[in-house]
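Visitor: Before anything else, here's the structure in question.
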Amino acid sequence: MNKVVVVSGASSGIGYAIATLLHNQGYQVIGLSRTLPKLPYAYDYLLADITNEKQVNDVAEKIANDYGHVYALINCAGMGISGAVEHTQLTEVQKILNVNIVGAFLMSKAFIPQLRGHKGSKIINMSSVAGELTVPFQTFYSMTKSAMNAFTAGLALELKPFGISVGSILPGDTATNFTQNREKSAVETDEFYQDRIKRSIERMEKDELNGKDPMSVAIVVAKLLKKKRLPLMVTVGFQYKLFVFLKRILPTRLVQYILYQLYSK
């Protein structure tokens with residue numbers, strides 16, 4: 001096949017599953033992250049911090065020199081933080097914005113020149129159902145994923161004349177090490193929120209640990225790479241497709257009430 005696919009965040013979780021499946025299907029996969037995967041991998045790998053513009057540009061130049069072109073870029077790197085907005089530090093917000101949004105911007109900017117002019121080239125951004133349904137005490141994660149959807153929509157229009165297709169993937173709860181890597185606020189209980197923060201995070205983590213296998217997301221990505229053009233947004237799993245559909249047709253007040261009962265009461 002010899003189609004080159006760059007996958008950021010390929011060291012673990014959904015990114016690792018995507019890189020592994022695509023490699024097994026015959027793509028020339030280049031994984032990218034700050035550290036190498038702890039699990040076995042057979043695809044090519046480069047180390048870079050996606051929030052560092054120089055490192056991203058250096059990697060893009062190396063790939064251009066060594067591989068000649070890129071068929072698809074999959075922006076999969078991401079992180080999560082949790083806690084009440086009131087207790088969240090500015091440094092925590094800056095970090096999640098840098099990883100989840102600025103990183104995708106820098107990667108896209110660096111690789112667009114290599115994608116342009118190649119028939120069927122694609123950019124796939126990893127969003128989340130949480131970008132459509134804002135989860136309390138995970139507000140900043142939802143905010144970055146909502147921003148990812150807006151970034152995808154705008155980029156898709158800008159790149160359409162060049163034949164570059166852009167789309168977002170919206171997984172629901174997925175069983176990965178994302179759960180254990182989530183950075184939690186130092187304050188989980190206080191006189192005002194009492195134990196609401198703690199209970200909400202425990203509910204989220206339980207759902208995640210019992211969630212879908214990351215390979216289910218990888219399979220969707222593999223199918224999308226074979227399409228002529230990407231849909232703008234693809235939700236993974238019937239249950240989550242239903243949630244997103246209901247969010248769009250139900251009154252906002254009712255949706256907020258349901259989310260409050262589930263995650264904030």
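A note on labels: chains of the structure tokens are A, B, ... as shown, every chain counts residues from 1, and ligands are counted from 1 in their shown order.
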With the cut-off set at 12 Å and counting only C-alpha atoms, tabulate each residue of region 153-197 of chain A with an atom at most that distance from an atom of region 15-38 of chain A, showing the nearest atom pair and its distance in Å to one decimal, ordered by chain and increasing number, as a Markdown table.
Guide:
```
| residue | atom | partner | partner_atom | distance |
| --- | --- | --- | --- | --- |
| A:Thr174 | CA | A:Ala17 | CA | 11.8 |
| A:Ala175 | CA | A:Ala17 | CA | 11.7 |
| A:Thr176 | CA | A:Ala17 | CA | 10.2 |
| A:Asn177 | CA | A:Tyr16 | CA | 11.2 |
| A:Phe178 | CA | A:Gly15 | CA | 11.0 |
```
Visitor: So which bits of region 72-149 of chain A end up strand (DSSP E or B) when you DSSP the backbone, as a VMD selection string?
Guide: chain A and resid 72 to 75 81 to 82 122 to 126
Visitor: Restricting the calculation to only C-alpha atoms, which member of A:Ile219, A:Leu170, A:Ile201, A:Leu259 is positioned closest to Val244 (chain A)?
Guide: A:Leu170
Visitor: Write out as an mmCIF file with C-alpha atoms, in the first residue's frame each polymer residue whose atoms come within 9 Å of Asn181 (chain A), counting only C-alpha atoms; drop sequence neighbours fewer than 6 positions from it.
Guide:
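out_7.cif was written with the following content:
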```cif
data_model
loop_
_atom_site.group_PDB
_atom_site.id
_atom_site.type_symbol
_atom_site.label_atom_id
_atom_site.label_comp_id
_atom_site.auth_asym_id
_atom_site.auth_seq_id
_atom_site.Cartn_x
_atom_site.Cartn_y
_atom_site.Cartn_z
ATOM 1 C CA MET A 79 -4.821 14.666 27.997
ATOM 2 C CA GLY A 80 -7.484 15.300 30.606
ATOM 3 C CA ILE A 81 -7.862 17.292 33.785
#
```
Visitor: Suppose you want the space between CA of Gly163 (chain A) and CA of Ile112 (chain A); what is it in Å?
Guide: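 One can read the CA of Gly163 (chain A) to CA of Ile112 (chain A) distance as 11.0 Å.
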Visitor: Please tabulate, as a Markdown table, the residues of region 98-200 of chain A that come within 6 Å of region 66-77 of chain A, each with its closest pair of atoms and the distance in Å to one decimal, counting only C-alpha atoms and ordering rows by chain, then residue number upward.
Guide:
```
| residue | atom | partner | partner_atom | distance |
| --- | --- | --- | --- | --- |
| A:Ala104 | CA | A:Asn75 | CA | 5.8 |
| A:Gln114 | CA | A:His69 | CA | 5.5 |
| A:Leu115 | CA | A:Val70 | CA | 5.6 |
| A:Ser121 | CA | A:Tyr71 | CA | 4.8 |
| A:Lys122 | CA | A:Ala72 | CA | 4.6 |
| A:Ile123 | CA | A:Leu73 | CA | 4.8 |
| A:Ile124 | CA | A:Ile74 | CA | 4.7 |
| A:Asn125 | CA | A:Asn75 | CA | 4.8 |
| A:Met126 | CA | A:Cys76 | CA | 5.1 |
```
Visitor: Would you compute the distance between CA of Ala130 (chain A) and CA of Ser142 (chain A)? Give it in Å to one decimal.
Guide: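 CA of Ser142 (chain A) lies 5.0 Å from CA of Ala130 (chain A).
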